[in-house]
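Colleague: What follows is the file start.cif, containing mmCIF, C-alpha atoms; chains and numbers go by the auth columns:
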data_model
loop_
_atom_site.group_PDB
_atom_site.id
_atom_site.type_symbol
_atom_site.label_atom_id
_atom_site.label_comp_id
_atom_site.label_asym_id
_atom_site.label_seq_id
_atom_site.Cartn_x
_atom_site.Cartn_y
_atom_site.Cartn_z
_atom_site.B_iso_or_equiv
_atom_site.auth_seq_id
_atom_site.auth_asym_id
ATOM 1 C CA MET A 1 2.194 37.166 38.971 0.00 1 Y
ATOM 2 C CA VAL A 2 -0.472 34.441 39.189 0.00 2 Y
ATOM 3 C CA ARG A 3 -2.924 36.714 37.356 0.00 3 Y
ATOM 4 C CA PHE A 4 -0.307 37.292 34.622 0.00 4 Y
ATOM 5 C CA LEU A 5 0.301 33.531 34.209 0.00 5 Y
ATOM 6 C CA CYS A 6 -3.448 32.838 34.066 0.00 6 Y
ATOM 7 C CA SER A 7 -3.848 35.568 31.433 0.00 7 Y
ATOM 8 C CA MET A 8 -1.008 34.102 29.385 0.00 8 Y
ATOM 9 C CA VAL A 9 -2.537 30.597 29.565 0.00 9 Y
ATOM 10 C CA ILE A 10 -5.928 31.969 28.420 0.00 10 Y
ATOM 11 C CA ILE A 11 -4.337 33.948 25.568 0.00 11 Y
ATOM 12 C CA PHE A 12 -2.296 30.905 24.489 0.00 12 Y
ATOM 13 C CA PHE A 13 -5.448 28.753 24.578 0.00 13 Y
ATOM 14 C CA VAL A 14 -7.434 31.239 22.445 0.00 14 Y
ATOM 15 C CA ILE A 15 -4.599 31.547 19.919 0.00 15 Y
ATOM 16 C CA SER A 16 -4.257 27.757 19.783 0.00 16 Y
ATOM 17 C CA CYS A 17 -7.975 27.280 19.163 0.00 17 Y
ATOM 18 C CA GLY A 18 -7.860 29.823 16.367 0.00 18 Y
ATOM 19 C CA SER A 19 -4.889 28.150 14.690 0.00 19 Y
ATOM 20 C CA ILE A 20 -6.469 24.719 15.012 0.00 20 Y
ATOM 21 C CA SER A 21 -9.524 25.874 13.106 0.00 21 Y
ATOM 22 C CA THR A 22 -7.342 27.189 10.268 0.00 22 Y
ATOM 23 C CA VAL A 23 -5.476 23.899 9.730 0.00 23 Y
ATOM 24 C CA LYS A 24 -6.284 22.654 6.257 0.00 24 Y
ATOM 25 C CA LYS A 25 -8.125 19.354 6.351 0.00 25 Y
ATOM 26 C CA ILE A 26 -6.711 16.537 4.255 0.00 26 Y
ATOM 27 C CA GLU A 27 -9.100 15.702 1.466 0.00 27 Y
ATOM 28 C CA LYS A 28 -10.176 12.064 1.462 0.00 28 Y
ATOM 29 C CA LYS A 29 -9.597 10.573 -1.970 0.00 29 Y
ATOM 30 C CA ILE A 30 -11.903 8.101 -3.729 0.00 30 Y
ATOM 31 C CA PHE A 31 -10.212 4.865 -4.724 0.00 31 Y
ATOM 32 C CA PRO A 32 -9.422 4.084 -7.479 0.00 32 Y
ATOM 33 C CA GLU A 33 -11.074 7.024 -9.291 0.00 33 Y
ATOM 34 C CA ASP A 34 -8.822 9.730 -7.846 0.00 34 Y
ATOM 35 C CA TYR A 35 -5.647 7.753 -8.575 0.00 35 Y
ATOM 36 C CA VAL A 36 -6.177 7.269 -12.316 0.00 36 Y
ATOM 37 C CA GLY A 37 -2.887 8.059 -14.027 0.00 37 Y
ATOM 38 C CA THR A 38 0.581 6.786 -14.843 0.00 38 Y
ATOM 39 C CA TYR A 39 3.239 6.282 -12.165 0.00 39 Y
ATOM 40 C CA GLU A 40 6.935 5.447 -12.667 0.00 40 Y
ATOM 41 C CA GLY A 41 9.975 4.744 -10.549 0.00 41 Y
ATOM 42 C CA SER A 42 12.763 2.284 -9.761 0.00 42 Y
ATOM 43 C CA LEU A 43 12.030 -1.128 -8.270 0.00 43 Y
ATOM 44 C CA TYR A 44 14.626 -2.384 -5.774 0.00 44 Y
ATOM 45 C CA ILE A 45 14.779 -6.142 -5.211 0.00 45 Y
ATOM 46 C CA LEU A 46 16.627 -7.040 -2.004 0.00 46 Y
ATOM 47 C CA GLN A 47 17.686 -10.300 -0.394 0.00 47 Y
ATOM 48 C CA SER A 48 19.360 -10.354 3.022 0.00 48 Y
ATOM 49 C CA MET A 49 19.817 -6.545 2.858 0.00 49 Y
ATOM 50 C CA ASP A 50 21.740 -6.815 -0.428 0.00 50 Y
ATOM 51 C CA THR A 51 20.313 -5.265 -3.585 0.00 51 Y
ATOM 52 C CA VAL A 52 19.875 -8.116 -6.040 0.00 52 Y
ATOM 53 C CA ASN A 53 18.460 -6.045 -8.871 0.00 53 Y
ATOM 54 C CA VAL A 54 17.148 -2.579 -9.754 0.00 54 Y
ATOM 55 C CA LEU A 55 14.764 -2.061 -12.657 0.00 55 Y
ATOM 56 C CA SER A 56 12.299 0.462 -13.931 0.00 56 Y
ATOM 57 C CA MET A 57 8.702 -0.030 -12.873 0.00 57 Y
ATOM 58 C CA GLY A 58 5.505 1.628 -13.969 0.00 58 Y
ATOM 59 C CA LEU A 59 1.873 1.384 -12.936 0.00 59 Y
ATOM 60 C CA GLU A 60 -0.950 2.721 -15.060 0.00 60 Y
ATOM 61 C CA ILE A 61 -4.429 2.950 -13.567 0.00 61 Y
ATOM 62 C CA ALA A 62 -7.038 3.739 -16.233 0.00 62 Y
ATOM 63 C CA LYS A 63 -10.816 3.861 -16.462 0.00 63 Y
ATOM 64 C CA THR A 64 -12.600 1.270 -18.568 0.00 64 Y
ATOM 65 C CA GLU A 65 -16.122 1.263 -19.977 0.00 65 Y
ATOM 66 C CA SER A 66 -17.336 -0.337 -16.743 0.00 66 Y
ATOM 67 C CA GLN A 67 -17.618 1.723 -13.559 0.00 67 Y
ATOM 68 C CA GLU A 68 -16.680 -1.423 -11.622 0.00 68 Y
ATOM 69 C CA GLU A 69 -13.360 -2.092 -13.416 0.00 69 Y
ATOM 70 C CA TYR A 70 -10.071 -0.266 -13.986 0.00 70 Y
ATOM 71 C CA ASP A 71 -7.068 -1.219 -16.090 0.00 71 Y
ATOM 72 C CA TRP A 72 -4.195 -2.038 -13.724 0.00 72 Y
ATOM 73 C CA ARG A 73 -1.121 -2.256 -15.940 0.00 73 Y
ATOM 74 C CA ILE A 74 2.279 -2.964 -14.369 0.00 74 Y
ATOM 75 C CA THR A 75 5.430 -2.590 -16.475 0.00 75 Y
ATOM 76 C CA TYR A 76 8.891 -3.820 -15.476 0.00 76 Y
ATOM 77 C CA GLY A 77 12.139 -3.120 -17.353 0.00 77 Y
ATOM 78 C CA SER A 78 13.488 -0.543 -19.763 0.00 78 Y
ATOM 79 C CA ASP A 79 15.468 -0.033 -22.959 0.00 79 Y
ATOM 80 C CA GLY A 80 13.029 -2.031 -25.058 0.00 80 Y
ATOM 81 C CA ASP A 81 13.108 -5.043 -22.704 0.00 81 Y
ATOM 82 C CA TYR A 82 9.711 -4.775 -21.007 0.00 82 Y
ATOM 83 C CA ASP A 83 7.556 -7.197 -19.061 0.00 83 Y
ATOM 84 C CA VAL A 84 3.991 -5.868 -19.149 0.00 84 Y
ATOM 85 C CA ARG A 85 1.317 -7.247 -16.803 0.00 85 Y
ATOM 86 C CA ALA A 86 -2.103 -6.096 -18.040 0.00 86 Y
ATOM 87 C CA TYR A 87 -4.552 -6.761 -15.193 0.00 87 Y
ATOM 88 C CA LEU A 88 -8.008 -5.534 -14.206 0.00 88 Y
ATOM 89 C CA LEU A 89 -8.832 -4.030 -10.820 0.00 89 Y
ATOM 90 C CA ARG A 90 -12.446 -4.876 -10.057 0.00 90 Y
ATOM 91 C CA LYS A 91 -14.748 -4.026 -7.159 0.00 91 Y
ATOM 92 C CA ALA A 92 -15.330 -7.460 -5.662 0.00 92 Y
ATOM 93 C CA SER A 93 -18.532 -6.928 -3.689 0.00 93 Y
ATOM 94 C CA SER A 94 -20.796 -4.341 -2.192 0.00 94 Y
ATOM 95 C CA ARG A 95 -18.497 -4.300 0.850 0.00 95 Y
ATOM 96 C CA PRO A 96 -16.419 -1.097 0.733 0.00 96 Y
ATOM 97 C CA GLY A 97 -12.717 -1.597 0.073 0.00 97 Y
ATOM 98 C CA HIS A 98 -12.962 -5.172 -1.259 0.00 98 Y
ATOM 99 C CA TYR A 99 -11.332 -5.644 -4.683 0.00 99 Y
ATOM 100 C CA HIS A 100 -10.120 -8.317 -7.068 0.00 100 Y
ATOM 101 C CA ILE A 101 -6.980 -8.022 -9.167 0.00 101 Y
ATOM 102 C CA ASP A 102 -7.739 -10.180 -12.182 0.00 102 Y
ATOM 103 C CA GLU A 103 -4.562 -11.271 -13.962 0.00 103 Y
ATOM 104 C CA LEU A 104 -6.692 -12.322 -16.961 0.00 104 Y
ATOM 105 C CA ASN A 105 -5.093 -15.775 -17.003 0.00 105 Y
ATOM 106 C CA GLY A 106 -7.290 -17.622 -14.490 0.00 106 Y
ATOM 107 C CA ILE A 107 -5.630 -16.024 -11.413 0.00 107 Y
ATOM 108 C CA VAL A 108 -7.775 -13.564 -9.438 0.00 108 Y
ATOM 109 C CA LEU A 109 -6.238 -12.099 -6.272 0.00 109 Y
ATOM 110 C CA GLU A 110 -8.185 -10.656 -3.342 0.00 110 Y
ATOM 111 C CA ALA A 111 -7.208 -7.165 -2.164 0.00 111 Y
ATOM 112 C CA GLU A 112 -8.425 -4.752 0.511 0.00 112 Y
ATOM 113 C CA PHE A 113 -8.246 -0.954 0.366 0.00 113 Y
ATOM 114 C CA ASP A 114 -8.233 0.636 3.827 0.00 114 Y
ATOM 115 C CA GLY A 115 -8.413 4.273 2.755 0.00 115 Y
ATOM 116 C CA TYR A 116 -4.665 4.645 2.159 0.00 116 Y
ATOM 117 C CA ALA A 117 -3.301 1.282 1.013 0.00 117 Y
ATOM 118 C CA LEU A 118 -4.331 -1.606 -1.211 0.00 118 Y
ATOM 119 C CA VAL A 119 -3.109 -4.845 0.393 0.00 119 Y
ATOM 120 C CA SER A 120 -3.068 -8.408 -0.913 0.00 120 Y
ATOM 121 C CA LEU A 121 -1.730 -11.629 0.626 0.00 121 Y
ATOM 122 C CA TYR A 122 -1.401 -14.891 -1.285 0.00 122 Y
ATOM 123 C CA SER A 123 0.703 -18.011 -1.702 0.00 123 Y
ATOM 124 C CA VAL A 124 2.266 -19.161 -4.978 0.00 124 Y
ATOM 125 C CA MET A 125 5.013 -21.671 -5.830 0.00 125 Y
ATOM 126 C CA ASP A 126 5.893 -22.338 -2.164 0.00 126 Y
ATOM 127 C CA ASN A 127 6.084 -18.616 -1.313 0.00 127 Y
ATOM 128 C CA LEU A 128 3.827 -16.504 0.895 0.00 128 Y
ATOM 129 C CA ILE A 129 3.620 -13.023 -0.674 0.00 129 Y
ATOM 130 C CA SER A 130 2.377 -9.762 0.830 0.00 130 Y
ATOM 131 C CA VAL A 131 1.831 -6.886 -1.619 0.00 131 Y
ATOM 132 C CA THR A 132 1.070 -3.321 -0.509 0.00 132 Y
ATOM 133 C CA TYR A 133 0.393 -0.205 -2.585 0.00 133 Y
ATOM 134 C CA ARG A 134 0.353 2.940 -0.349 0.00 134 Y
ATOM 135 C CA PHE A 135 -1.250 5.935 -2.013 0.00 135 Y
ATOM 136 C CA ASP A 136 -0.541 9.595 -1.342 0.00 136 Y
ATOM 137 C CA GLN A 137 -1.031 12.819 -3.292 0.00 137 Y
ATOM 138 C CA LYS A 138 1.648 12.346 -5.955 0.00 138 Y
ATOM 139 C CA SER A 139 3.078 8.852 -5.568 0.00 139 Y
ATOM 140 C CA ILE A 140 2.488 5.221 -4.748 0.00 140 Y
ATOM 141 C CA LEU A 141 4.804 3.319 -2.419 0.00 141 Y
ATOM 142 C CA PHE A 142 4.950 -0.290 -3.602 0.00 142 Y
ATOM 143 C CA ASP A 143 6.193 -3.042 -1.281 0.00 143 Y
ATOM 144 C CA ILE A 144 6.410 -6.814 -1.551 0.00 144 Y
ATOM 145 C CA ALA A 145 7.569 -9.173 1.199 0.00 145 Y
ATOM 146 C CA VAL A 146 8.168 -12.845 0.394 0.00 146 Y
ATOM 147 C CA SER A 147 8.482 -15.650 2.933 0.00 147 Y
ATOM 148 C CA ARG A 148 8.158 -19.416 2.976 0.00 148 Y
ATOM 149 C CA PRO A 149 4.669 -20.706 3.884 0.00 149 Y
ATOM 150 C CA GLU A 150 6.002 -22.822 6.754 0.00 150 Y
ATOM 151 C CA PRO A 151 7.039 -21.134 9.981 0.00 151 Y
ATOM 152 C CA SER A 152 10.741 -21.260 10.830 0.00 152 Y
ATOM 153 C CA ASN A 153 10.070 -20.935 14.541 0.00 153 Y
ATOM 154 C CA SER A 154 7.297 -20.633 17.108 0.00 154 Y
ATOM 155 C CA THR A 155 7.332 -18.558 20.250 0.00 155 Y
ATOM 156 C CA GLY A 156 4.918 -17.781 23.068 0.00 156 Y
ATOM 157 C CA ASP A 157 2.527 -20.615 24.026 0.00 157 Y
ATOM 158 C CA LEU A 158 3.078 -20.088 27.730 0.00 158 Y
ATOM 159 C CA ILE A 159 1.700 -18.556 30.897 0.00 159 Y
ATOM 160 C CA PHE A 160 3.283 -15.169 31.689 0.00 160 Y
ATOM 161 C CA GLU A 161 2.391 -13.370 34.904 0.00 161 Y
ATOM 162 C CA GLY A 162 -0.929 -15.206 34.993 0.00 162 Y
ATOM 163 C CA ASP A 163 -1.842 -14.465 31.358 0.00 163 Y
ATOM 164 C CA THR A 164 -2.054 -17.150 28.696 0.00 164 Y
ATOM 165 C CA ILE A 165 0.210 -16.101 25.828 0.00 165 Y
ATOM 166 C CA PRO A 166 -0.794 -17.639 22.480 0.00 166 Y
ATOM 167 C CA SER A 167 1.600 -19.446 20.202 0.00 167 Y
ATOM 168 C CA VAL A 168 3.092 -17.143 17.532 0.00 168 Y
ATOM 169 C CA ASP A 169 4.512 -18.643 14.337 0.00 169 Y
ATOM 170 C CA ILE A 170 7.473 -16.822 12.743 0.00 170 Y
ATOM 171 C CA TYR A 171 7.798 -16.545 8.957 0.00 171 Y
ATOM 172 C CA PRO A 172 11.209 -15.176 7.934 0.00 172 Y
ATOM 173 C CA ILE A 173 11.284 -12.729 5.036 0.00 173 Y
ATOM 174 C CA VAL A 174 13.493 -14.088 2.244 0.00 174 Y
ATOM 175 C CA LEU A 175 13.049 -11.314 -0.333 0.00 175 Y
ATOM 176 C CA THR A 176 11.662 -7.781 -0.494 0.00 176 Y
ATOM 177 C CA GLN A 177 10.810 -5.466 -3.361 0.00 177 Y
ATOM 178 C CA ASN A 178 10.064 -1.774 -3.020 0.00 178 Y
ATOM 179 C CA ALA A 179 9.538 1.218 -5.253 0.00 179 Y
ATOM 180 C CA GLU A 180 8.374 4.792 -5.028 0.00 180 Y
ATOM 181 C CA LEU A 181 6.258 5.340 -8.117 0.00 181 Y
ATOM 182 C CA ARG A 182 5.807 9.038 -8.875 0.00 182 Y
ATOM 183 C CA ARG A 183 2.784 10.262 -10.768 0.00 183 Y
ATOM 184 C CA LEU A 184 3.565 11.584 -14.240 0.00 184 Y
ATOM 185 C CA LYS A 185 1.854 14.754 -15.391 0.00 185 Y
ATOM 186 C CA ASP A 186 -1.235 14.041 -17.464 0.00 186 Y
#
Have the structure of the file written as C-alpha coordinates, please.
Modeller:
Amino acid sequence: MVRFLCSMVIIFFVISCGSISTVKKIEKKIFPEDYVGTYEGSLYILQSMDTVNVLSMGLEIAKTESQEEYDWRITYGSDGDYDVRAYLLRKASSRPGHYHIDELNGIVLEAEFDGYALVSLYSVMDNLISVTYRFDQKSILFDIAVSRPEPSNSTGDLIFEGDTIPSVDIYPIVLTQNAELRRLKD
(Lines of atoms letter the chains of each structure in order from A and count residues from 1; the text may use other names and numbers.)
(Lines give C-alpha, C1' and ligand atoms only; values in the text may rest on other atoms or scores of the structure.)
Protein backbone atom coordinates (compact mmCIF):
# COMPACT_ATOMS: atom_id res chain seq x y z
CA MET A 1 0.00 0.00 0.00
CA VAL A 2 2.84 2.40 0.87
CA ARG A 3 4.56 1.53 -2.42
CA PHE A 4 1.30 2.25 -4.29
CA LEU A 5 0.91 5.66 -2.58
CA CYS A 6 4.54 6.56 -3.31
CA SER A 7 4.05 5.57 -6.96
CA MET A 8 0.91 7.69 -7.18
CA VAL A 9 2.70 10.71 -5.65
CA ILE A 10 5.57 10.33 -8.16
CA ILE A 11 3.16 9.97 -11.10
CA PHE A 12 1.16 13.01 -9.93
CA PHE A 13 4.39 15.01 -9.58
CA VAL A 14 5.57 14.08 -13.10
CA ILE A 15 2.18 14.91 -14.61
CA SER A 16 2.11 18.22 -12.72
CA CYS A 17 5.58 19.18 -13.95
CA GLY A 18 4.56 18.40 -17.51
CA SER A 19 1.40 20.50 -17.28
CA ILE A 20 3.28 23.39 -15.69
CA SER A 21 5.65 23.55 -18.63
CA THR A 22 2.73 23.73 -21.07
CA VAL A 23 1.05 26.71 -19.37
CA LYS A 24 1.05 29.59 -21.82
CA LYS A 25 3.11 32.50 -20.55
CA ILE A 26 1.44 35.89 -20.49
CA GLU A 27 3.10 38.17 -22.98
CA LYS A 28 4.42 41.37 -21.42
CA LYS A 29 3.11 44.35 -23.35
CA ILE A 30 5.09 47.52 -24.15
CA PHE A 31 3.46 50.70 -22.90
CA PRO A 32 2.06 52.72 -24.57
CA GLU A 33 2.97 51.21 -27.97
CA ASP A 34 0.95 48.01 -27.57
CA TYR A 35 -2.14 49.88 -26.36
CA VAL A 36 -2.54 52.23 -29.33
CA GLY A 37 -6.21 52.21 -30.29
CA THR A 38 -9.66 53.50 -29.43
CA TYR A 39 -11.50 52.41 -26.29
CA GLU A 40 -15.13 53.15 -25.33
CA GLY A 41 -17.47 52.49 -22.45
CA SER A 42 -19.77 54.03 -19.84
CA LEU A 43 -18.42 56.25 -17.08
CA TYR A 44 -20.19 55.90 -13.72
CA ILE A 45 -19.90 58.84 -11.32
CA LEU A 46 -20.80 57.87 -7.75
CA GLN A 47 -21.16 59.79 -4.51
CA SER A 48 -21.91 58.00 -1.23
CA MET A 49 -22.69 54.78 -3.17
CA ASP A 50 -25.35 56.55 -5.25
CA THR A 51 -24.90 56.91 -9.00
CA VAL A 52 -24.87 60.63 -9.70
CA ASN A 53 -24.38 60.38 -13.44
CA VAL A 54 -23.61 57.93 -16.25
CA LEU A 55 -22.09 59.10 -19.52
CA SER A 56 -20.23 57.74 -22.48
CA MET A 57 -16.46 57.85 -22.28
CA GLY A 58 -13.78 57.18 -24.84
CA LEU A 59 -10.00 57.09 -24.80
CA GLU A 60 -7.92 57.20 -27.95
CA ILE A 61 -4.20 56.46 -27.73
CA ALA A 62 -2.42 57.30 -31.00
CA LYS A 63 1.15 57.55 -32.22
CA THR A 64 2.55 60.96 -33.11
CA GLU A 65 5.59 61.90 -35.17
CA SER A 66 7.70 61.71 -32.01
CA GLN A 67 8.62 58.34 -30.50
CA GLU A 68 8.45 60.01 -27.07
CA GLU A 69 4.84 61.28 -27.36
CA TYR A 70 1.39 59.79 -27.91
CA ASP A 71 -1.97 61.49 -28.39
CA TRP A 72 -4.08 60.82 -25.29
CA ARG A 73 -7.58 61.93 -26.21
CA ILE A 74 -10.41 61.53 -23.69
CA THR A 75 -14.01 62.08 -24.80
CA TYR A 76 -17.00 62.41 -22.47
CA GLY A 77 -20.66 62.56 -23.53
CA SER A 78 -22.77 61.48 -26.47
CA ASP A 79 -25.53 62.54 -28.85
CA GLY A 80 -23.55 65.47 -30.20
CA ASP A 81 -22.79 66.86 -26.72
CA TYR A 82 -19.11 65.99 -26.33
CA ASP A 83 -16.35 67.22 -24.06
CA VAL A 84 -13.04 66.34 -25.72
CA ARG A 85 -9.76 66.51 -23.78
CA ALA A 86 -6.87 66.36 -26.26
CA TYR A 87 -3.73 65.64 -24.20
CA LEU A 88 -0.25 64.31 -24.90
CA LEU A 89 1.29 61.35 -23.08
CA ARG A 90 5.03 61.92 -22.95
CA LYS A 91 7.92 59.86 -21.58
CA ALA A 92 9.13 62.09 -18.77
CA SER A 93 12.67 60.83 -18.23
CA SER A 94 15.03 57.99 -18.89
CA ARG A 95 13.58 56.27 -15.81
CA PRO A 96 11.29 53.45 -16.99
CA GLY A 97 7.59 53.98 -16.33
CA HIS A 98 7.77 57.74 -15.68
CA TYR A 99 5.37 59.78 -17.85
CA HIS A 100 3.81 63.21 -18.15
CA ILE A 101 0.23 63.83 -19.22
CA ASP A 102 0.37 67.26 -20.82
CA GLU A 103 -3.06 68.90 -20.92
CA LEU A 104 -1.68 71.45 -23.40
CA ASN A 105 -2.96 74.34 -21.29
CA GLY A 106 -0.06 74.80 -18.85
CA ILE A 107 -1.01 71.76 -16.69
CA VAL A 108 1.36 68.78 -16.86
CA LEU A 109 0.57 65.82 -14.59
CA GLU A 110 3.07 63.21 -13.40
CA ALA A 111 2.15 59.55 -13.94
CA GLU A 112 3.81 56.20 -13.27
CA PHE A 113 3.31 53.00 -15.26
CA ASP A 114 4.04 49.87 -13.21
CA GLY A 115 3.66 47.30 -15.97
CA TYR A 116 -0.13 47.05 -15.69
CA ALA A 117 -1.48 50.44 -14.58
CA LEU A 118 -0.82 54.11 -15.23
CA VAL A 119 -1.34 56.01 -11.95
CA SER A 120 -1.43 59.73 -11.22
CA LEU A 121 -2.07 61.63 -7.98
CA TYR A 122 -2.62 65.39 -7.83
CA SER A 123 -4.51 68.15 -6.06
CA VAL A 124 -6.75 70.70 -7.77
CA MET A 125 -9.42 73.12 -6.50
CA ASP A 126 -9.29 71.77 -2.92
CA ASN A 127 -9.55 68.13 -4.05
CA LEU A 128 -6.98 65.34 -3.87
CA ILE A 129 -7.45 63.15 -6.98
CA SER A 130 -6.13 59.67 -7.70
CA VAL A 131 -6.45 58.47 -11.31
CA THR A 132 -5.71 54.89 -12.39
CA TYR A 133 -5.83 53.31 -15.85
CA ARG A 134 -5.47 49.47 -15.61
CA PHE A 135 -4.58 47.84 -18.90
CA ASP A 136 -5.38 44.31 -20.01
CA GLN A 137 -5.66 42.56 -23.37
CA LYS A 138 -8.88 44.14 -24.64
CA SER A 139 -9.88 46.86 -22.19
CA ILE A 140 -8.82 49.61 -19.83
CA LEU A 141 -10.32 49.91 -16.36
CA PHE A 142 -10.48 53.61 -15.48
CA ASP A 143 -10.87 54.72 -11.85
CA ILE A 144 -10.85 58.09 -10.12
CA ALA A 145 -11.09 58.65 -6.36
CA VAL A 146 -11.58 62.17 -5.02
CA SER A 147 -11.02 63.28 -1.43
CA ARG A 148 -10.41 66.52 0.42
CA PRO A 149 -6.71 67.38 0.93
CA GLU A 150 -7.10 67.66 4.70
CA PRO A 151 -7.42 64.51 6.78
CA SER A 152 -10.77 63.96 8.49
CA ASN A 153 -9.21 61.84 11.21
CA SER A 154 -5.91 60.45 12.46
CA THR A 155 -5.31 57.07 14.02
CA GLY A 156 -2.33 55.13 15.33
CA ASP A 157 0.44 57.23 16.93
CA LEU A 158 0.80 54.86 19.86
CA ILE A 159 2.81 52.03 21.34
CA PHE A 160 1.22 48.62 20.69
CA GLU A 161 2.75 45.50 22.20
CA GLY A 162 6.12 47.24 22.35
CA ASP A 163 6.02 48.50 18.75
CA THR A 164 5.76 52.17 17.85
CA ILE A 165 2.77 52.58 15.54
CA PRO A 166 3.02 55.66 13.30
CA SER A 167 0.27 58.22 12.95
CA VAL A 168 -2.02 57.50 9.97
CA ASP A 169 -4.08 60.32 8.46
CA ILE A 170 -7.48 59.38 6.99
CA TYR A 171 -8.77 61.04 3.81
CA PRO A 172 -12.43 60.17 3.15
CA ILE A 173 -13.42 59.53 -0.45
CA VAL A 174 -16.15 61.97 -1.50
CA LEU A 175 -16.59 60.92 -5.14
CA THR A 176 -15.57 58.05 -7.41
CA GLN A 177 -15.66 57.57 -11.16
CA ASN A 178 -15.14 54.27 -12.93
CA ALA A 179 -15.43 52.86 -16.42
CA GLU A 180 -14.54 49.75 -18.33
CA LEU A 181 -13.32 50.97 -21.70
CA ARG A 182 -13.37 48.21 -24.31
CA ARG A 183 -11.02 48.30 -27.26
CA LEU A 184 -12.76 48.88 -30.59
CA LYS A 185 -11.65 46.84 -33.58
CA ASP A 186 -9.14 48.70 -35.72
Colleague: Restricting the calculation to only C-alpha atoms: of Y:Tyr44, Y:Tyr99, Y:Tyr39, Y:Tyr87, which residue gets closest to Glu68 in chain Y?
Modeller: Y:Tyr99
Colleague: Within 12 Å of Ile30 in chain Y, counting only C-alpha atoms, which residues show up once you throw out same-chain ones fewer than 3 positions away? Write them as a ChimeraX atom specification, please.
Modeller: /Y:27,33-36,96-97,113-117,135-137
Colleague: Out of Y:His98, Y:Val131, Y:Asp71, Y:Gln177, which residue has the shortest atom-to-atom distance to Ala86 in chain Y when counting all atoms listed in the file?
Modeller: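 Selected residue with least distance to Ala86 in chain Y: Y:Asp71.
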Colleague: Decode the PyMOL selection byres ((chain Y and resi 145) around 9) for the given file into explicit residues and return them as a list in words.
Modeller: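 Checking the PyMOL selection byres ((chain Y and resi 145) around 9) against this file, the residues are Leu128, Ile129, Ser130, Val131, Thr132, Asp143, Ile144, Val146, Ser147, Ile173, Val174, Leu175, Thr176, Gln177 and Asn178 of chain Y.
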Colleague: Write the residues of the preceding selection, restricted to C-alpha atoms, as a tab-separated table (two decimals), in the frame of the given file.
Modeller:
chain	number	residue	atom	x	y	z
Y	128	LEU	CA	3.83	-16.50	0.90
Y	129	ILE	CA	3.62	-13.02	-0.67
Y	130	SER	CA	2.38	-9.76	0.83
Y	131	VAL	CA	1.83	-6.89	-1.62
Y	132	THR	CA	1.07	-3.32	-0.51
Y	143	ASP	CA	6.19	-3.04	-1.28
Y	144	ILE	CA	6.41	-6.81	-1.55
Y	146	VAL	CA	8.17	-12.84	0.39
Y	147	SER	CA	8.48	-15.65	2.93
Y	173	ILE	CA	11.28	-12.73	5.04
Y	174	VAL	CA	13.49	-14.09	2.24
Y	175	LEU	CA	13.05	-11.31	-0.33
Y	176	THR	CA	11.66	-7.78	-0.49
Y	177	GLN	CA	10.81	-5.47	-3.36
Y	178	ASN	CA	10.06	-1.77	-3.02
Colleague: If you count all atoms listed in the file, which residues fall within 7 Å of Ile140 in chain Y, apart from same-chain ones fewer than 4 positions away, as a PDB file with C-alpha atoms, in the coordinates of the input?
Modeller:
ATOM      1  CA  TYR Y 133       0.393  -0.205  -2.585  1.00  0.00           C
ATOM      2  CA  ARG Y 134       0.353   2.940  -0.349  1.00  0.00           C
ATOM      3  CA  PHE Y 135      -1.250   5.935  -2.013  1.00  0.00           C
ATOM      4  CA  ASP Y 136      -0.541   9.595  -1.342  1.00  0.00           C
ATOM      5  CA  GLU Y 180       8.374   4.792  -5.028  1.00  0.00           C
ATOM      6  CA  LEU Y 181       6.258   5.340  -8.117  1.00  0.00           C
ATOM      7  CA  ARG Y 182       5.807   9.038  -8.875  1.00  0.00           C
TER       8      ARG Y 182
END
Colleague: For Ile170 in chain Y, which residue out of Y:Pro151, Y:Gly58, Y:Lys91, Y:Gly156 is the nearest one, using only C-alpha atoms?
Modeller: Y:Pro151
Colleague: From the set Y:Pro32, Y:Pro166, Y:Gly37, Y:Pro149, which residue has the shortest atom-to-atom contact distance to Arg90 in chain Y, counting all atoms listed in the file?
Modeller: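 So, comparing all the options, the nearest one is Y:Pro32.
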Colleague: If I take CA of Asp163 in chain Y and CA of Glu150 in chain Y, how far is one from the other in Å, to one decimal?
Modeller: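 Separating CA of Asp163 in chain Y from CA of Glu150 in chain Y is a distance of 27.1 Å.
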Colleague: Need the shell around Thr75 in chain Y: protein/DNA/RNA residues with any atom at most 7 Å away, counting only C-alpha atoms. Skip same-chain ones fewer than 6 positions apart. Format as a list in words?
Modeller: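 In the requested format, the answer is Met57, Gly58, Leu59, Tyr82, Asp83, Val84 and Arg85 of chain Y.
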Colleague: Just to confirm, what's the straight-line distance from CA of Ile107 in chain Y to CA of Asp79 in chain Y in Å (one decimal)?
Modeller: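 Result for CA of Ile107 in chain Y versus CA of Asp79 in chain Y: 28.9 Å, one decimal.
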Colleague: When you count all atoms listed in the file, which of these residues is closest to Gly41 in chain Y: Y:Phe142, Y:Leu118, Y:Thr64, Y:Arg95?
Modeller: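 For Gly41 in chain Y, the nearest of the given residues is Y:Phe142.
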Colleague: Need the shell around Asn153 in chain Y: protein/DNA/RNA residues with any atom at most 10 Å away, counting only C-alpha atoms. Skip same-chain ones fewer than 4 positions apart. Format as a PyMOL selection string?
Modeller: chain Y and resi 168-172
Colleague: My list of candidates is Y:Gly77, Y:Arg183, Y:Thr164, Y:Lys63. Which is closest to Phe31 in chain Y when distances are computed with all atoms listed in the file?
Modeller: Y:Lys63
Colleague: Can you list, as a PDB file with C-alpha atoms, in the frame of the given file, every protein, DNA or RNA residue that comes within 7 Å of Leu89 in chain Y when you count only C-alpha atoms, leaving out same-chain residues fewer than 5 positions away?
Modeller:
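Produced file around.pdb, reproduced below:
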ATOM      1  CA  GLU Y  69     -13.360  -2.092 -13.416  1.00  0.00           C
ATOM      2  CA  TYR Y  70     -10.071  -0.266 -13.986  1.00  0.00           C
ATOM      3  CA  ASP Y  71      -7.068  -1.219 -16.090  1.00  0.00           C
ATOM      4  CA  TRP Y  72      -4.195  -2.038 -13.724  1.00  0.00           C
ATOM      5  CA  TYR Y  99     -11.332  -5.644  -4.683  1.00  0.00           C
ATOM      6  CA  HIS Y 100     -10.120  -8.317  -7.068  1.00  0.00           C
ATOM      7  CA  ILE Y 101      -6.980  -8.022  -9.167  1.00  0.00           C
ATOM      8  CA  ASP Y 102      -7.739 -10.180 -12.182  1.00  0.00           C
TER       9      ASP Y 102
END
Colleague: Tell me, in Å to one decimal, how far CA of Arg73 in chain Y is from CA of Val119 in chain Y.
Modeller: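 Interatomic distance, CA of Arg73 in chain Y to CA of Val119 in chain Y: 16.7 Å.
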